[in-house]
Amino acid sequence: MLNIFQYEFMVRGIEVGLLIGLLAPLIGIFLVLRRYSLIADTLAHVSLAGVAIGLLVGLNPLLTALGVSVASSVAIERLRQSRKIYGESALSIFLSGSLALAVILLGLSRGLNVDLFGYLFGSILTVRQSDIYLILILSVIVISLLLAFLKELTFISFDEEAAFVSGIPVRFLNIFFIVLAAAAIAVSIPIVGILLISALLVLPVITAIQLKKSFVQTIIFAEAISIISVLSGIVASFYLNISSGGAIVLIMIAIFFAVLFLKRKRY
Amino acid sequence: MSVDHTKNIIEIKSVSFAYGGTPVLNNVSLNIHEGDYIGVIGPNGGGKTTLLRIILGLLKPTSGAVKLFGTPCLCRKEWSRLGYVPQKAINFDPLFPATVYEVAAMGRYGKKGLLRGLNAEDHRVIAESLGRVEMLEYRDRLIGDLSGGQQQRVFIARALSGEPEVLLLDEPTIGIDLQTQEQFYRLLKKLNKELNLTLILISHDIGVVAGEATEIAFLNQSIQYYGDPSGFADEKSLTGLYGSRRPFIAD
């Protein structure tokens with residue numbers, strides 16, 4: 001059997017996987033509880049436009065994806081808060097608009113030998129050593145900010161109006177959260193790819209919610225499911241020569257149905 | 001702590017409000033004094049919830065002003081002295097993974113400020129609040145697993161955790177059975193008497209509220225009656241408010 005740690009790209013993949021696995025449920029729990037799952041998908045598509053810009057102008061695609069995704073997240077939240085159009089309509093403008101932009105830009109950069117498939121579905125082969133530092137720094141920042149504002153974000157998710165009345169800066173924290181979500185989504189691209197990011201964020205959380213535990217315990221279970229799925233998905237992708245993103249999401253779905261089945265048997 | 005029943009803690013001065021072009025509140029003035037238990041009643045669409053949302057700072061009046069504790073309510077500090085118990089049915093996700101204790105603790109967050117965790121004193125206040133509404137033994141149960149009446153008590157505990165001076169309740173008994181409602185009103189009376197908490201109760205249930213509150217404000221775009229519940233129960237005033245064609249229901 002091949003030794004996974006002999007390969008530098010695998011070590012890099014596992015390092016990044018651990019960080020993303022840890023980060024994803026902390027973002028995902030608020031996306032799920034606030035019915036924001038579509039925002040994750042939208043920001044992922046926006047990130048693809050960012051990747052395309054990076055490839056075209058020769059910048060690190062992860063960095064351009066981050067910039068475009070964070071800027072769009074602020075625009076989406078402001079549009080949503082203005083209540084001039086329905087929340088979902090705001091999202092669909094960004095989702096289809098950025099996909100259209102990405103297709104055109106990627107068409108222009110054809111011939112540059114781009115691993116588009118890797119960006120769409122995740123390939124740890126695309127992780128460069130310089131990316132590791134970027135992902136490490138961003139993950140640490142996002143995770144510590146989320147933990148610092150966990151109690152306020154929890155209250156806002158549970159009851160936005162009551163949170164506002166009790167003096168919590170709701171508008172600021174809504175923007176703050178969506179910017180963190182955008183950053184988390186951009187750095188998750190190498191592992192699961194643009195099309196599967198929302199699954200990475202959402203699946204461990206909805207699985208953990210099935211267990212009917214306290215808020216803190218739900219986060220801990222979601223973390224465990226997320227890290228186990230991401231690491232085993234990366235290992236499986238290595239030995240079976242399959243896409244890491246696909247493997248991770250299928251493992252997450254398997255755990256979801258296993259939990260659903262076990263819970264049903266108990267009652 | 002002695003209660004000064006003449007001291008104004010909320011002053012509503014000629015407040016008007018319109019949604020688009022439709023007037024909802026028209027020149028409403030009302031003073032709420034320390035220790036009051038005021039029932040704001042009136043027909044649906046009469047502007048009760050709008051008035052509550054203006055007091056809470058969730059809506060800005062088209063004209064007029066609200067003063068909280070003597071200061072115009074523009075700064076957040078005054079709001080944290082208000083406790084808000086929302087209408088249960090519209091604000092609540094039964095699948096939300098939070099225990100009774102976690103929900104009650106939320107009421108403390110605004111008081112703590114950002115980046116500061118709860119300390120032993122906070123946990124004492126939260127447990128005490130749950131004890132007051134007799135929900136402490138349910139502390140580890142999920143909020144979604146409780147009955148409607150129990151959930152409502154937890155939301156009161158959440159408001160109490162912020163140690164408010166005024167409790168504002170928006171139609172708190174909707175969807176709750178009669179027996180539980182009685183318990184609920186006993187609890188409100190206790191909070192008003194023992195904690196000297198000022199209560200503002202919004203309800204369409206005129207009969208019950210007139211029997212519970214110490215003051216009644218009848219709101220139908222403007223305040224049409226303010227004063228003692230016994231005066232309100234007077235048939236003459238009811239006829240005036242509802243019009244002479246109000247049907248009588250004989251036993």
# chains A, B, ... in the order shown; residues from 1 in each chain; ligands from 1
$ residues_around --residues "Val179 of chain A" --least-positions-apart "6" --cutoff "9 Å" --atoms "only C-alpha atoms" --output "VMD selection string"
chain A and resid 69 to 74
$ residues_around --residues "segment 39-43 of chain A" --least-positions-apart "6" --cutoff "10 Å" --atoms "only C-alpha atoms" --output "JSON, numbers by chain"
{"A": [27, 28, 31, 32, 49, 65, 66, 68, 69, 70, 72, 73, 76, 77, 87, 88, 90, 91, 92, 93, 94, 95, 96, 97, 98, 99, 178, 181, 182, 183, 184, 185, 186, 194, 195, 196, 197, 198, 199, 200, 201, 202]}
$ interface_residues --of "chain B" --to "chain A" --cutoff "6 Å" --atoms "only C-alpha atoms" --output "list in words"
Arg76, Ser80, Pro97, Ala98, Thr99, Met106, Gly110 and Leu115 of chain B
$ residues_around --residues "Leu199 of chain B" --least-positions-apart "5" --cutoff "9 Å" --atoms "only C-alpha atoms" --output "VMD selection string"
chain B and resid 35 to 39 165 to 169 188 191 to 192 213
$ select_by_dssp --residues "segment 70-123 of chain A" --states "helix (DSSP H, G or I)" --output "ChimeraX atom specification"
/A:70-82,87-108,116-121
$ atom_distance --atom1 "atom CA of Leu250 of chain A" --atom2 "atom CA of Ala44 of chain A"
18.9 Å
$ atom_distance --atom1 "atom CA of Tyr101 of chain B" --atom2 "atom CA of Ile126 of chain B"
7.7 Å
$ residues_around --residues "segment 127-139 of chain A" --least-positions-apart "3" --cutoff "9 Å" --atoms "only C-alpha atoms" --output "PDB file with C-alpha atoms, in the first residue's frame"
ATOM      1  CA  PHE A   9       0.721  17.332  -1.919  1.00  0.00           C
ATOM      2  CA  ARG A  12      -0.619  19.764   2.221  1.00  0.00           C
ATOM      3  CA  GLY A  13      -4.096  18.463   1.403  1.00  0.00           C
ATOM      4  CA  GLU A  15      -3.336  20.191   6.550  1.00  0.00           C
ATOM      5  CA  VAL A  16      -5.762  22.305   4.566  1.00  0.00           C
ATOM      6  CA  LEU A  19      -8.487  23.709   8.768  1.00  0.00           C
ATOM      7  CA  ILE A  20     -11.464  23.759   6.400  1.00  0.00           C
ATOM      8  CA  LEU A  22     -12.864  22.891  11.466  1.00  0.00           C
ATOM      9  CA  LEU A  23     -14.025  26.165   9.896  1.00  0.00           C
ATOM     10  CA  ASN A  60      -3.192  33.807  -7.351  1.00  0.00           C
ATOM     11  CA  LEU A  62      -7.432  31.969  -4.390  1.00  0.00           C
ATOM     12  CA  LEU A  63      -6.646  35.588  -3.585  1.00  0.00           C
ATOM     13  CA  SER A 123      -8.633  18.817  -6.168  1.00  0.00           C
ATOM     14  CA  ILE A 124      -5.991  18.906  -3.504  1.00  0.00           C
ATOM     15  CA  VAL A 142     -12.284  33.595  10.805  1.00  0.00           C
ATOM     16  CA  ILE A 143     -12.508  30.897  13.490  1.00  0.00           C
ATOM     17  CA  SER A 144     -11.387  33.228  16.278  1.00  0.00           C
ATOM     18  CA  ALA A 183     -13.800  34.325   3.243  1.00  0.00           C
ATOM     19  CA  ALA A 184     -14.470  30.779   4.458  1.00  0.00           C
ATOM     20  CA  VAL A 187     -10.542  29.308   1.089  1.00  0.00           C
ATOM     21  CA  SER A 188     -12.571  26.078   0.825  1.00  0.00           C
ATOM     22  CA  PRO A 190      -9.230  23.900  -3.287  1.00  0.00           C
ATOM     23  CA  ILE A 191     -10.660  21.120  -1.130  1.00  0.00           C
TER      24      ILE A 191
END
